[in-house]
>>> print(open('start.cif').read())   # mmCIF, C-alpha atoms and all ligand atoms
data_structure
loop_
_atom_site.label_atom_id
_atom_site.label_comp_id
_atom_site.auth_asym_id
_atom_site.auth_seq_id
_atom_site.Cartn_x
_atom_site.Cartn_y
_atom_site.Cartn_z
CA MET I 6 65.04 -58.23 -51.13
CA THR I 7 62.28 -56.21 -52.82
CA SER I 8 63.17 -52.54 -52.89
CA THR I 9 61.03 -49.53 -53.63
CA LEU I 10 61.91 -45.91 -54.13
CA ILE I 11 59.34 -43.46 -52.82
CA ARG I 12 59.66 -39.90 -54.12
CA GLY I 13 58.13 -36.71 -52.66
CA ARG I 14 58.84 -33.87 -50.29
CA LEU I 15 60.31 -35.29 -47.05
CA LEU I 16 59.84 -33.95 -43.52
CA SER I 17 61.20 -35.57 -40.35
CA PHE I 18 62.21 -34.16 -36.95
CA ASN I 19 65.61 -34.40 -35.27
CA ARG I 20 64.38 -33.01 -31.96
CA ALA I 21 61.63 -30.85 -30.45
CA PRO I 22 61.48 -27.42 -32.15
CA GLN I 23 62.24 -24.51 -29.82
CA THR I 24 60.43 -21.88 -31.93
CA ILE I 25 58.59 -21.65 -35.25
CA ASP I 26 61.90 -20.58 -36.88
CA ASP I 27 63.94 -23.47 -35.47
CA SER I 28 64.78 -25.10 -38.81
CA ALA I 29 67.60 -27.15 -37.24
CA ALA I 30 64.91 -29.19 -35.46
CA TYR I 31 63.85 -30.88 -38.68
CA PHE I 32 65.05 -32.32 -41.97
CA TYR I 33 63.14 -31.10 -45.05
CA GLU I 34 63.92 -32.16 -48.61
CA SER I 35 61.85 -30.50 -51.36
CA ASP I 36 62.64 -33.24 -53.92
CA GLY I 37 63.45 -36.19 -51.74
CA ALA I 38 63.29 -39.94 -51.83
CA LEU I 39 63.33 -42.93 -49.53
CA LEU I 40 64.85 -46.24 -50.55
CA ILE I 41 62.83 -48.95 -48.82
CA GLY I 42 63.84 -52.60 -48.49
CA ASP I 43 62.61 -55.35 -46.15
CA GLY I 44 60.18 -52.91 -44.53
CA VAL I 45 62.99 -50.59 -43.48
CA ILE I 46 64.21 -47.19 -44.70
CA LYS I 47 67.62 -47.92 -46.25
CA THR I 48 68.45 -44.43 -47.53
CA SER I 49 66.81 -41.05 -47.14
CA GLY I 50 67.83 -37.85 -48.94
CA PRO I 51 67.67 -35.83 -52.18
CA TYR I 52 66.04 -37.80 -55.01
CA GLY I 53 69.16 -37.68 -57.23
CA VAL I 54 71.42 -39.09 -54.53
CA VAL I 55 69.01 -41.83 -53.43
CA LYS I 56 68.26 -42.81 -57.03
CA ALA I 57 71.95 -43.10 -57.85
CA ALA I 58 72.42 -45.52 -54.95
CA ALA I 59 69.33 -47.60 -55.81
CA PRO I 60 69.41 -50.88 -57.76
CA ASP I 61 68.77 -50.59 -61.52
CA GLY I 62 65.15 -50.99 -62.53
CA ILE I 63 63.84 -50.28 -59.03
CA THR I 64 60.08 -49.66 -58.66
CA GLU I 65 59.46 -45.95 -58.13
CA ILE I 66 56.37 -44.43 -56.54
CA ASP I 67 56.10 -40.71 -57.16
CA HIS I 68 54.09 -38.81 -54.56
CA ARG I 69 55.09 -35.32 -55.69
CA PRO I 70 53.90 -32.68 -54.80
CA HIS I 71 52.79 -34.32 -51.56
CA LEU I 72 54.60 -34.38 -48.24
CA ILE I 73 56.03 -37.65 -46.92
CA MET I 74 56.31 -37.88 -43.15
CA PRO I 75 56.77 -40.66 -40.61
CA GLY I 76 53.45 -42.40 -39.82
CA PHE I 77 51.45 -40.74 -37.08
CA ILE I 78 51.53 -42.18 -33.57
CA ASP I 79 48.58 -42.11 -31.15
CA THR I 80 49.65 -42.81 -27.55
CA HIS I 81 46.26 -43.44 -25.91
CA LEU I 82 42.99 -44.82 -27.18
CA HIS I 83 40.46 -47.55 -26.46
CA PHE I 84 39.90 -50.04 -29.25
CA PRO I 85 36.57 -51.33 -27.75
CA GLN I 86 35.12 -47.83 -27.79
CA MET I 87 34.59 -47.35 -31.53
CA GLN I 88 30.83 -47.58 -30.93
CA VAL I 89 31.01 -45.37 -27.83
CA MET I 90 32.21 -42.27 -29.70
CA ALA I 91 29.59 -39.52 -29.85
CA SER I 92 27.71 -40.63 -26.71
CA TYR I 93 25.86 -37.79 -24.99
CA ALA I 94 27.01 -37.46 -21.34
CA ALA I 95 27.60 -34.69 -18.82
CA ASN I 96 31.00 -35.87 -17.58
CA LEU I 97 33.53 -38.71 -17.39
CA LEU I 98 31.91 -40.86 -14.71
CA GLU I 99 28.43 -40.63 -16.23
CA TRP I 100 29.88 -41.41 -19.66
CA LEU I 101 31.75 -44.45 -18.35
CA ASN I 102 28.79 -45.89 -16.44
CA THR I 103 26.08 -45.14 -18.99
CA TYR I 104 27.75 -45.99 -22.29
CA THR I 105 31.33 -47.18 -22.03
CA PHE I 106 31.15 -50.01 -19.54
CA PRO I 107 28.02 -51.59 -21.13
CA GLU I 108 29.64 -51.39 -24.58
CA GLU I 109 32.90 -52.95 -23.41
CA CYS I 110 30.90 -55.89 -21.96
CA ARG I 111 30.20 -56.94 -25.56
CA PHE I 112 33.88 -57.81 -26.03
CA VAL I 113 33.37 -61.02 -24.12
CA GLU I 114 32.30 -62.30 -27.56
CA THR I 115 35.34 -63.22 -29.63
CA ALA I 116 33.48 -62.64 -32.91
CA HIS I 117 32.56 -59.11 -31.87
CA ALA I 118 36.12 -58.30 -30.77
CA GLU I 119 37.48 -59.65 -34.07
CA ARG I 120 35.01 -57.64 -36.12
CA ILE I 121 35.80 -54.38 -34.31
CA ALA I 122 39.55 -55.06 -34.56
CA VAL I 123 39.27 -55.14 -38.37
CA HIS I 124 37.44 -51.80 -38.34
CA PHE I 125 39.93 -50.36 -35.88
CA PHE I 126 43.01 -51.15 -37.95
CA ASP I 127 41.31 -50.02 -41.15
CA GLU I 128 40.54 -46.70 -39.48
CA MET I 129 44.09 -46.22 -38.20
CA ILE I 130 45.43 -46.74 -41.70
CA ARG I 131 42.81 -44.43 -43.22
CA GLN I 132 43.98 -41.69 -40.83
CA GLY I 133 47.72 -42.16 -41.39
CA THR I 134 48.24 -43.57 -37.89
CA THR I 135 50.74 -46.42 -38.00
CA THR I 136 51.29 -46.93 -34.26
CA ALA I 137 48.72 -46.71 -31.48
CA THR I 138 48.83 -47.47 -27.78
CA ALA I 139 45.52 -49.13 -27.02
CA TYR I 140 43.45 -50.28 -24.13
CA CYS I 141 41.61 -53.48 -24.98
CA SER I 142 38.71 -54.58 -22.72
CA VAL I 143 39.01 -56.70 -19.59
CA HIS I 144 38.49 -59.84 -21.68
CA LYS I 145 41.61 -61.64 -22.88
CA ALA I 146 39.77 -62.36 -26.15
CA SER I 147 39.79 -58.63 -26.92
CA ALA I 148 43.56 -58.46 -26.57
CA ASP I 149 43.90 -61.59 -28.71
CA ALA I 150 41.74 -60.01 -31.43
CA PHE I 151 43.71 -56.76 -31.27
CA PHE I 152 47.15 -58.33 -31.49
CA ALA I 153 46.18 -60.93 -34.09
CA GLU I 154 44.92 -58.20 -36.41
CA SER I 155 48.01 -56.08 -35.76
CA LEU I 156 50.27 -59.05 -36.54
CA LYS I 157 48.37 -59.76 -39.74
CA ARG I 158 49.01 -56.19 -40.88
CA ASN I 159 52.59 -56.10 -39.57
CA MET I 160 51.90 -52.93 -37.58
CA CYS I 161 53.84 -51.62 -34.60
CA MET I 162 51.22 -51.53 -31.85
CA VAL I 163 51.16 -51.29 -28.07
CA GLY I 164 48.16 -52.77 -26.26
CA GLY I 165 46.99 -54.28 -23.04
CA LYS I 166 44.24 -56.34 -21.50
CA VAL I 167 42.56 -53.99 -19.06
CA MET I 168 42.74 -54.97 -15.39
CA MET I 169 39.59 -53.97 -13.43
CA ASP I 170 38.01 -55.70 -10.46
CA ARG I 171 35.50 -53.23 -8.94
CA ASN I 172 33.13 -50.31 -9.58
CA ALA I 173 31.95 -51.62 -12.95
CA PRO I 174 29.29 -54.11 -14.17
CA GLN I 175 29.88 -57.78 -13.36
CA GLY I 176 30.55 -58.58 -17.00
CA LEU I 177 33.52 -56.24 -16.96
CA LEU I 178 35.29 -57.46 -13.83
CA ASP I 179 38.21 -59.81 -13.41
CA THR I 180 39.88 -60.64 -10.08
CA PRO I 181 43.43 -59.95 -8.94
CA ASP I 182 44.42 -63.55 -9.76
CA MET I 183 42.69 -63.57 -13.14
CA SER I 184 44.25 -60.25 -14.10
CA TYR I 185 47.70 -61.61 -13.22
CA ASP I 186 47.25 -64.88 -15.09
CA GLU I 187 45.62 -63.32 -18.15
CA THR I 188 48.09 -60.43 -18.43
CA ARG I 189 50.91 -62.99 -18.26
CA ALA I 190 49.18 -65.06 -20.92
CA VAL I 191 48.79 -62.00 -23.19
CA ILE I 192 52.49 -61.24 -22.73
CA ALA I 193 53.47 -64.85 -23.52
CA ASP I 194 51.17 -65.01 -26.54
CA TRP I 195 51.84 -61.61 -28.10
CA HIS I 196 54.74 -59.56 -26.77
CA GLY I 197 57.49 -59.43 -29.38
CA LYS I 198 55.36 -61.33 -31.94
CA GLY I 199 55.75 -59.33 -35.13
CA ARG I 200 55.83 -55.70 -34.04
CA ASN I 201 53.50 -56.11 -31.05
CA HIS I 202 54.22 -54.66 -27.60
CA VAL I 203 52.15 -55.58 -24.57
CA ALA I 204 51.40 -52.92 -21.93
CA ILE I 205 50.44 -53.61 -18.32
CA THR I 206 47.04 -51.90 -18.14
CA PRO I 207 45.25 -51.28 -14.83
CA ARG I 208 42.34 -49.13 -16.10
CA PHE I 209 42.50 -46.58 -13.24
CA ALA I 210 42.57 -46.59 -9.45
CA ILE I 211 38.76 -46.44 -9.15
CA THR I 212 38.30 -49.80 -10.90
CA SER I 213 41.15 -51.65 -9.18
CA THR I 214 41.20 -52.86 -5.58
CA PRO I 215 44.45 -52.49 -3.61
CA GLU I 216 44.90 -56.25 -4.14
CA GLN I 217 44.78 -55.78 -7.91
CA MET I 218 47.17 -52.83 -7.70
CA GLU I 219 49.58 -55.22 -5.89
CA VAL I 220 49.26 -57.52 -8.89
CA ALA I 221 50.07 -54.65 -11.25
CA LYS I 222 53.12 -53.91 -9.11
CA SER I 223 54.29 -57.54 -9.34
CA LEU I 224 53.82 -57.55 -13.11
CA VAL I 225 55.89 -54.37 -13.44
CA SER I 226 58.71 -55.86 -11.40
CA GLU I 227 58.58 -59.12 -13.35
CA PHE I 228 58.44 -57.31 -16.72
CA PRO I 229 60.28 -54.01 -16.18
CA ASP I 230 60.70 -53.35 -19.91
CA LEU I 231 56.98 -53.36 -20.66
CA HIS I 232 54.91 -50.22 -21.02
CA VAL I 233 52.41 -49.38 -18.29
CA GLN I 234 49.26 -47.40 -19.07
CA THR I 235 46.49 -46.00 -16.91
CA HIS I 236 44.42 -42.85 -16.35
CA LEU I 237 45.30 -40.04 -13.93
CA SER I 238 43.68 -36.81 -12.82
CA GLU I 239 41.17 -36.37 -15.63
CA ASN I 240 38.11 -35.12 -13.74
CA ARG I 241 37.52 -33.50 -10.32
CA ASP I 242 34.93 -36.08 -9.16
CA GLU I 243 37.24 -38.88 -10.27
CA ILE I 244 40.04 -37.39 -8.16
CA THR I 245 37.83 -37.05 -5.07
CA PHE I 246 36.55 -40.63 -5.39
CA THR I 247 40.07 -42.00 -5.88
CA CYS I 248 41.35 -40.23 -2.76
CA GLU I 249 38.42 -41.68 -0.78
CA LEU I 250 39.25 -45.18 -2.02
CA TYR I 251 42.97 -44.79 -1.18
CA PRO I 252 42.95 -42.59 1.98
CA GLU I 253 46.56 -43.46 2.83
CA ALA I 254 47.86 -41.93 -0.45
CA LYS I 255 49.08 -38.31 -0.48
CA ASP I 256 47.18 -37.65 -3.71
CA TYR I 257 46.05 -39.45 -6.89
CA THR I 258 49.57 -39.79 -8.34
CA ASP I 259 50.79 -41.22 -5.05
CA VAL I 260 48.30 -44.09 -5.41
CA TYR I 261 50.20 -45.24 -8.51
CA ALA I 262 53.60 -44.40 -6.98
CA ARG I 263 52.85 -46.64 -3.99
CA TYR I 264 52.37 -49.55 -6.37
CA GLY I 265 55.55 -48.89 -8.33
CA LEU I 266 53.70 -47.81 -11.46
CA LEU I 267 55.58 -44.57 -12.20
CA GLY I 268 58.53 -44.75 -14.60
CA PRO I 269 59.88 -43.95 -18.06
CA LYS I 270 57.68 -46.57 -19.80
CA SER I 271 54.54 -45.42 -17.95
CA LEU I 272 51.86 -43.44 -19.79
CA PHE I 273 49.25 -41.57 -17.77
CA GLY I 274 46.19 -40.50 -19.72
CA HIS I 275 44.99 -36.92 -19.10
CA CYS I 276 46.93 -35.44 -16.09
CA ILE I 277 44.88 -32.26 -16.28
CA HIS I 278 44.65 -31.34 -12.61
CA LEU I 279 48.03 -32.38 -11.15
CA SER I 280 49.43 -30.52 -8.15
CA ASP I 281 53.05 -29.35 -8.13
CA ARG I 282 53.95 -32.29 -5.95
CA GLU I 283 52.39 -34.70 -8.41
CA ALA I 284 54.11 -33.07 -11.38
CA ASP I 285 57.43 -33.35 -9.52
CA ALA I 286 56.77 -37.06 -8.95
CA MET I 287 55.99 -37.52 -12.66
CA SER I 288 59.13 -35.63 -13.66
CA GLU I 289 61.47 -37.41 -11.26
CA THR I 290 60.36 -40.82 -12.53
CA GLY I 291 60.34 -39.87 -16.23
CA SER I 292 56.62 -40.72 -16.45
CA VAL I 293 54.65 -39.46 -19.45
CA ALA I 294 51.50 -37.28 -19.25
CA VAL I 295 49.26 -37.97 -22.25
CA PHE I 296 47.36 -34.96 -23.63
CA CYS I 297 44.00 -36.00 -25.15
CA PRO I 298 42.51 -32.73 -26.45
CA THR I 299 39.31 -33.80 -28.19
CA SER I 300 38.37 -36.04 -25.27
CA ASN I 301 39.12 -33.37 -22.66
CA LEU I 302 36.86 -30.92 -24.48
CA PHE I 303 34.11 -33.44 -25.24
CA LEU I 304 33.86 -34.70 -21.64
CA GLY I 305 34.39 -31.20 -20.23
CA SER I 306 37.36 -32.50 -18.24
CA GLY I 307 39.52 -29.36 -18.41
CA LEU I 308 42.38 -27.67 -20.24
CA PHE I 309 45.63 -29.68 -20.26
CA PRO I 310 48.41 -27.38 -18.97
CA LEU I 311 50.95 -28.38 -21.64
CA ARG I 312 53.30 -25.44 -21.18
CA ALA I 313 53.04 -25.45 -17.39
CA LEU I 314 54.11 -29.11 -17.41
CA THR I 315 56.91 -28.85 -19.96
CA ARG I 316 58.37 -25.49 -18.93
CA ARG I 317 58.59 -26.10 -15.20
CA GLN I 318 61.92 -26.50 -13.47
CA LYS I 319 61.28 -30.24 -13.31
CA PRO I 320 59.68 -30.79 -16.73
CA VAL I 321 57.16 -33.55 -17.30
CA ARG I 322 57.39 -35.64 -20.48
CA VAL I 323 54.25 -35.29 -22.61
CA SER I 324 52.64 -36.99 -25.59
CA VAL I 325 49.42 -36.48 -27.57
CA ALA I 326 46.56 -38.86 -28.23
CA SER I 327 43.00 -39.23 -29.50
CA ASP I 328 41.54 -41.13 -26.52
CA ILE I 329 38.90 -42.75 -28.68
CA GLY I 330 36.01 -43.10 -27.68
CA GLY I 331 36.09 -40.16 -25.21
CA GLY I 332 37.86 -38.45 -28.09
CA THR I 333 35.86 -37.30 -31.07
CA SER I 334 38.23 -37.92 -33.98
CA TYR I 335 40.59 -40.68 -35.05
CA SER I 336 42.63 -38.11 -36.91
CA MET I 337 45.88 -36.94 -35.32
CA LEU I 338 45.54 -33.80 -37.49
CA LYS I 339 42.20 -33.00 -35.83
CA THR I 340 43.65 -33.97 -32.44
CA LEU I 341 46.44 -31.38 -32.79
CA ASP I 342 43.96 -28.84 -34.16
CA GLU I 343 42.05 -29.11 -30.87
CA ALA I 344 45.32 -29.10 -28.91
CA TYR I 345 46.12 -25.75 -30.54
CA LYS I 346 42.78 -24.33 -29.37
CA ILE I 347 43.26 -25.60 -25.82
CA LEU I 348 46.57 -23.74 -25.69
CA GLN I 349 44.95 -20.63 -27.19
CA LEU I 350 42.44 -20.64 -24.32
CA GLN I 351 45.39 -20.59 -21.91
CA GLY I 352 47.13 -17.71 -23.71
CA GLU I 353 49.77 -20.10 -25.10
CA ARG I 354 50.84 -21.05 -28.63
CA LEU I 355 51.42 -24.40 -30.29
CA ASN I 356 53.30 -23.82 -33.53
CA PRO I 357 52.77 -26.21 -36.44
CA PHE I 358 56.28 -27.65 -36.19
CA ASP I 359 55.59 -28.49 -32.54
CA SER I 360 52.38 -30.23 -33.54
CA PHE I 361 53.91 -32.39 -36.27
CA TYR I 362 56.89 -33.16 -34.04
CA LEU I 363 54.47 -34.36 -31.33
CA MET I 364 52.47 -36.59 -33.73
CA THR I 365 55.63 -38.29 -34.96
CA ARG I 366 59.01 -38.21 -33.21
CA GLY I 367 57.64 -36.73 -29.96
CA ASN I 368 55.20 -39.59 -29.48
CA ALA I 369 57.87 -42.12 -30.50
CA GLU I 370 60.17 -40.69 -27.81
CA ALA I 371 57.33 -40.84 -25.28
CA LEU I 372 56.98 -44.56 -26.09
CA SER I 373 60.79 -45.09 -26.02
CA LEU I 374 60.45 -46.40 -29.59
CA VAL I 375 62.29 -43.68 -31.51
CA GLU I 376 64.97 -46.16 -32.63
CA ARG I 377 62.26 -47.85 -34.74
CA ILE I 378 59.46 -45.36 -35.53
CA GLY I 379 58.65 -41.64 -35.68
CA THR I 380 61.39 -40.43 -38.07
CA LEU I 381 62.66 -41.00 -41.61
CA GLU I 382 66.10 -42.06 -40.35
CA PRO I 383 67.78 -44.90 -42.28
CA GLY I 384 67.52 -48.13 -40.33
CA THR I 385 64.06 -47.37 -38.94
CA ASP I 386 60.82 -49.02 -39.98
CA ALA I 387 59.21 -47.65 -43.14
CA ASP I 388 55.95 -46.51 -41.55
CA LEU I 389 54.96 -43.41 -43.53
CA THR I 390 52.14 -40.95 -44.04
CA VAL I 391 51.73 -39.04 -47.30
CA LEU I 392 49.88 -35.73 -46.92
CA ASN I 393 48.03 -33.55 -49.43
CA MET I 394 47.34 -29.99 -48.30
CA ALA I 395 44.84 -29.50 -51.16
CA ALA I 396 42.73 -32.57 -50.41
CA THR I 397 39.33 -30.85 -50.44
CA PRO I 398 38.05 -27.90 -52.51
CA ALA I 399 38.26 -25.61 -49.46
CA MET I 400 41.78 -26.80 -48.66
CA ALA I 401 42.87 -26.41 -52.29
CA LEU I 402 41.61 -22.82 -52.33
CA ARG I 403 43.45 -22.02 -49.11
CA ALA I 404 46.55 -23.83 -50.41
CA GLU I 405 46.77 -21.36 -53.32
CA VAL I 406 48.11 -18.74 -50.89
CA VAL I 407 50.36 -20.99 -48.82
CA ASN I 408 53.97 -19.92 -49.15
CA SER I 409 55.90 -21.66 -46.40
CA LEU I 410 56.24 -25.10 -44.86
CA ALA I 411 54.82 -23.73 -41.59
CA ASP I 412 51.72 -22.48 -43.46
CA GLU I 413 51.30 -25.84 -45.16
CA LEU I 414 51.51 -27.77 -41.89
CA PHE I 415 49.11 -25.40 -40.20
CA LEU I 416 46.62 -25.75 -43.05
CA LEU I 417 46.88 -29.54 -42.87
CA GLN I 418 46.34 -29.51 -39.10
CA THR I 419 43.50 -26.99 -39.12
CA MET I 420 41.51 -28.14 -42.17
CA GLY I 421 42.78 -31.67 -42.75
CA ASP I 422 41.46 -35.08 -41.76
CA ASP I 423 41.58 -38.56 -43.33
CA ARG I 424 40.96 -36.99 -46.75
CA ALA I 425 44.39 -35.37 -46.54
CA ILE I 426 46.06 -38.77 -46.13
CA VAL I 427 47.01 -39.80 -49.67
CA GLU I 428 48.71 -43.02 -48.61
CA THR I 429 49.80 -44.80 -45.44
CA TYR I 430 52.77 -47.16 -45.63
CA VAL I 431 53.17 -49.90 -43.05
CA ALA I 432 56.68 -51.36 -43.04
CA GLY I 433 57.09 -50.22 -46.64
CA ARG I 434 53.74 -51.59 -47.86
CA PRO I 435 51.13 -49.17 -49.24
CA ALA I 436 48.30 -49.97 -46.84
CA LYS I 437 45.67 -47.30 -47.42
CA SER I 438 45.29 -47.87 -51.15
CA SER I 439 44.97 -51.61 -50.53
CA LEU I 440 42.29 -51.34 -47.81
CA GLY I 441 39.62 -53.92 -48.46
CA ALA I 442 41.80 -55.65 -51.04
CA ASP I 443 43.49 -58.05 -48.58
N1 LIG X 1 39.13 -43.37 -17.11
C1 LIG X 1 38.95 -44.70 -16.91
N2 LIG X 1 38.54 -45.30 -18.04
C2 LIG X 1 38.46 -44.35 -18.97
C3 LIG X 1 38.09 -44.36 -20.34
O1 LIG X 1 37.74 -45.39 -20.92
N3 LIG X 1 38.14 -43.17 -20.99
C4 LIG X 1 38.51 -42.02 -20.37
N4 LIG X 1 38.54 -40.88 -21.07
N5 LIG X 1 38.85 -41.98 -19.08
C5 LIG X 1 38.82 -43.13 -18.39
ZN ZN X 2 41.43 -43.36 -21.96
#
>>> encode(input="start.cif", output="structure tokens", more="lines below")
Ligand code: GUN
Ligand code: ZN
Amino acid sequence: MTSTLIRGRLLSFNRAPQTIDDSAAYFYESDGALLIGDGVIKTSGPYGVVKAAAPDGITEIDHRPHLIMPGFIDTHLHFPQMQVMASYAANLLEWLNTYTFPEECRFVETAHAERIAVHFFDEMIRQGTTTATAYCSVHKASADAFFAESLKRNMCMVGGKVMMDRNAPQGLLDTPDMSYDETRAVIADWHGKGRNHVAITPRFAITSTPEQMEVAKSLVSEFPDLHVQTHLSENRDEITFTCELYPEAKDYTDVYARYGLLGPKSLFGHCIHLSDREADAMSETGSVAVFCPTSNLFLGSGLFPLRALTRRQKPVRVSVASDIGGGTSYSMLKTLDEAYKILQLQGERLNPFDSFYLMTRGNAEALSLVERIGTLEPGTDADLTVLNMAATPAMALRAEVVNSLADELFLLQTMGDDRAIVETYVAGRPAKSSLGAD
């Protein structure tokens, strides 16, 4: 077993913080260390204690004065949309039809999918994101490219071949039968290979016929442990169109409920305009609403009611995500910076501990993967992000007057981006510094 000792300031969450002063919600060690072996955190604690327990002559990597945290987790993005980002559109449906669908058609070409997959994983690592939940395109080749690259890098990834059989260009449509066969093939080829997880991925109700939704329902009952991902209640016109397509449903959420798609492994992107009834249905089934701040602002979709969803009598589980390419930044720091502003506009606060909890343990809990990722607990995978609050001249100047951990986190979130990521470890391997060297 090759072991490494990684030294620095450690921060990891035990649970969601209740207030900015809730120091019991996290573990902070000002001179800490992690003993890593076989890609797993073996010991975590004060440097002196961890060093004493480590084998003689162990390799030490000293990241002081930087902060070592669990790798960031992004619970919703689209890997075939790297070249859709920054497309000028008035709203969601125009953006999808004008830019996104034509771009995704290109993923019929295996070579294109493989090229973008390399860029995608490089970018995740550059940004300190070690787990992402991704939509591939409708083409099985795109899922193959995504999971092959993830396996090569030994990353913990969730992904799915998109199912869509109407209301999109011909080159982006499957059929109910094809979507069943190809999703099954993706599961057989990739689920559980390395650290890969396959998600059942009907894009959204507008692009699936009732027959395809029946297929999604069958897949969920055949594979009840798999994640499910789709979009819900992002845009007013989308909601109206969905209700026209499914007139028998009580509302948008009920479309998915009727096909058995709600549940604790189900992630619903956006959920901005849910009614009380819909939020109750989400809560009762343990479904997760995914907050995508930069995308919601960019597409003018609306302000995600984070507090209204989490503070209600029947709380809804939430997570945070970039939603690339509707989103405008790969950085989870930037994503939470925009989340903060969305709450400000609603007269609410998002304290920096909340934000860093959400990017790490919170998102791991949303994915039901907290036993493996999202913390610095011994026994979990050594996926880490190392953060420098003085990464740019402007940050360094501001850092001179930082005098608490809360201030440091808030500075990182507000002014930081990929430049603040000193190193990203994937299963104990320094991945950012070796980008391009593989
Ligand atoms: N709804 C259906 N597909 C998409 C997508 O690709 N991005 C966003 N933001 N919303 C969607
Ligand atoms: Zn999306």
>>> closest_residue(input="start.cif", among="I:Ser324, I:Thr188, I:Ser409, I:Ser49", to="Thr340 of chain I", atoms="only C-alpha atoms")
I:Ser324
>>> residues_near_ligand(input="start.cif", ligand="ligand ZN 2 (chain X)", cutoff="12 Å", atoms="all atoms listed in the file", output="ChimeraX atom specification")
/I:79-86,97,100-101,105,138-142,167,206-209,234-239,272-276,295-301,304,325-332
>>> write_last_selection(input="start.cif", atoms="C-alpha atoms", output="mmCIF file, in the coordinates of the input")
data_model
loop_
_atom_site.group_PDB
_atom_site.id
_atom_site.type_symbol
_atom_site.label_atom_id
_atom_site.label_comp_id
_atom_site.auth_asym_id
_atom_site.auth_seq_id
_atom_site.Cartn_x
_atom_site.Cartn_y
_atom_site.Cartn_z
ATOM 1 C CA ASP I 79 48.580 -42.110 -31.150
ATOM 2 C CA THR I 80 49.650 -42.810 -27.550
ATOM 3 C CA HIS I 81 46.260 -43.440 -25.910
ATOM 4 C CA LEU I 82 42.990 -44.820 -27.180
ATOM 5 C CA HIS I 83 40.460 -47.550 -26.460
ATOM 6 C CA PHE I 84 39.900 -50.040 -29.250
ATOM 7 C CA PRO I 85 36.570 -51.330 -27.750
ATOM 8 C CA GLN I 86 35.120 -47.830 -27.790
ATOM 9 C CA LEU I 97 33.530 -38.710 -17.390
ATOM 10 C CA TRP I 100 29.880 -41.410 -19.660
ATOM 11 C CA LEU I 101 31.750 -44.450 -18.350
ATOM 12 C CA THR I 105 31.330 -47.180 -22.030
ATOM 13 C CA THR I 138 48.830 -47.470 -27.780
ATOM 14 C CA ALA I 139 45.520 -49.130 -27.020
ATOM 15 C CA TYR I 140 43.450 -50.280 -24.130
ATOM 16 C CA CYS I 141 41.610 -53.480 -24.980
ATOM 17 C CA SER I 142 38.710 -54.580 -22.720
ATOM 18 C CA VAL I 167 42.560 -53.990 -19.060
ATOM 19 C CA THR I 206 47.040 -51.900 -18.140
ATOM 20 C CA PRO I 207 45.250 -51.280 -14.830
ATOM 21 C CA ARG I 208 42.340 -49.130 -16.100
ATOM 22 C CA PHE I 209 42.500 -46.580 -13.240
ATOM 23 C CA GLN I 234 49.260 -47.400 -19.070
ATOM 24 C CA THR I 235 46.490 -46.000 -16.910
ATOM 25 C CA HIS I 236 44.420 -42.850 -16.350
ATOM 26 C CA LEU I 237 45.300 -40.040 -13.930
ATOM 27 C CA SER I 238 43.680 -36.810 -12.820
ATOM 28 C CA GLU I 239 41.170 -36.370 -15.630
ATOM 29 C CA LEU I 272 51.860 -43.440 -19.790
ATOM 30 C CA PHE I 273 49.250 -41.570 -17.770
ATOM 31 C CA GLY I 274 46.190 -40.500 -19.720
ATOM 32 C CA HIS I 275 44.990 -36.920 -19.100
ATOM 33 C CA CYS I 276 46.930 -35.440 -16.090
ATOM 34 C CA VAL I 295 49.260 -37.970 -22.250
ATOM 35 C CA PHE I 296 47.360 -34.960 -23.630
ATOM 36 C CA CYS I 297 44.000 -36.000 -25.150
ATOM 37 C CA PRO I 298 42.510 -32.730 -26.450
ATOM 38 C CA THR I 299 39.310 -33.800 -28.190
ATOM 39 C CA SER I 300 38.370 -36.040 -25.270
ATOM 40 C CA ASN I 301 39.120 -33.370 -22.660
ATOM 41 C CA LEU I 304 33.860 -34.700 -21.640
ATOM 42 C CA VAL I 325 49.420 -36.480 -27.570
ATOM 43 C CA ALA I 326 46.560 -38.860 -28.230
ATOM 44 C CA SER I 327 43.000 -39.230 -29.500
ATOM 45 C CA ASP I 328 41.540 -41.130 -26.520
ATOM 46 C CA ILE I 329 38.900 -42.750 -28.680
ATOM 47 C CA GLY I 330 36.010 -43.100 -27.680
ATOM 48 C CA GLY I 331 36.090 -40.160 -25.210
ATOM 49 C CA GLY I 332 37.860 -38.450 -28.090
#
>>> residues_around(input="start.cif", residues="Thr429 of chain I", least_positions_apart="6", cutoff="9 Å", atoms="only C-alpha atoms", output="PDB file with C-alpha atoms, in the frame of the given file")
ATOM      1  CA  GLY I  76      53.450 -42.400 -39.820  1.00  0.00           C
ATOM      2  CA  ILE I 130      45.430 -46.740 -41.700  1.00  0.00           C
ATOM      3  CA  ARG I 131      42.810 -44.430 -43.220  1.00  0.00           C
ATOM      4  CA  GLN I 132      43.980 -41.690 -40.830  1.00  0.00           C
ATOM      5  CA  GLY I 133      47.720 -42.160 -41.390  1.00  0.00           C
ATOM      6  CA  THR I 134      48.240 -43.570 -37.890  1.00  0.00           C
ATOM      7  CA  THR I 135      50.740 -46.420 -38.000  1.00  0.00           C
ATOM      8  CA  ASP I 388      55.950 -46.510 -41.550  1.00  0.00           C
ATOM      9  CA  LEU I 389      54.960 -43.410 -43.530  1.00  0.00           C
ATOM     10  CA  THR I 390      52.140 -40.950 -44.040  1.00  0.00           C
ATOM     11  CA  VAL I 391      51.730 -39.040 -47.300  1.00  0.00           C
ATOM     12  CA  PRO I 435      51.130 -49.170 -49.240  1.00  0.00           C
ATOM     13  CA  ALA I 436      48.300 -49.970 -46.840  1.00  0.00           C
ATOM     14  CA  LYS I 437      45.670 -47.300 -47.420  1.00  0.00           C
ATOM     15  CA  SER I 438      45.290 -47.870 -51.150  1.00  0.00           C
TER      16      SER I 438
END
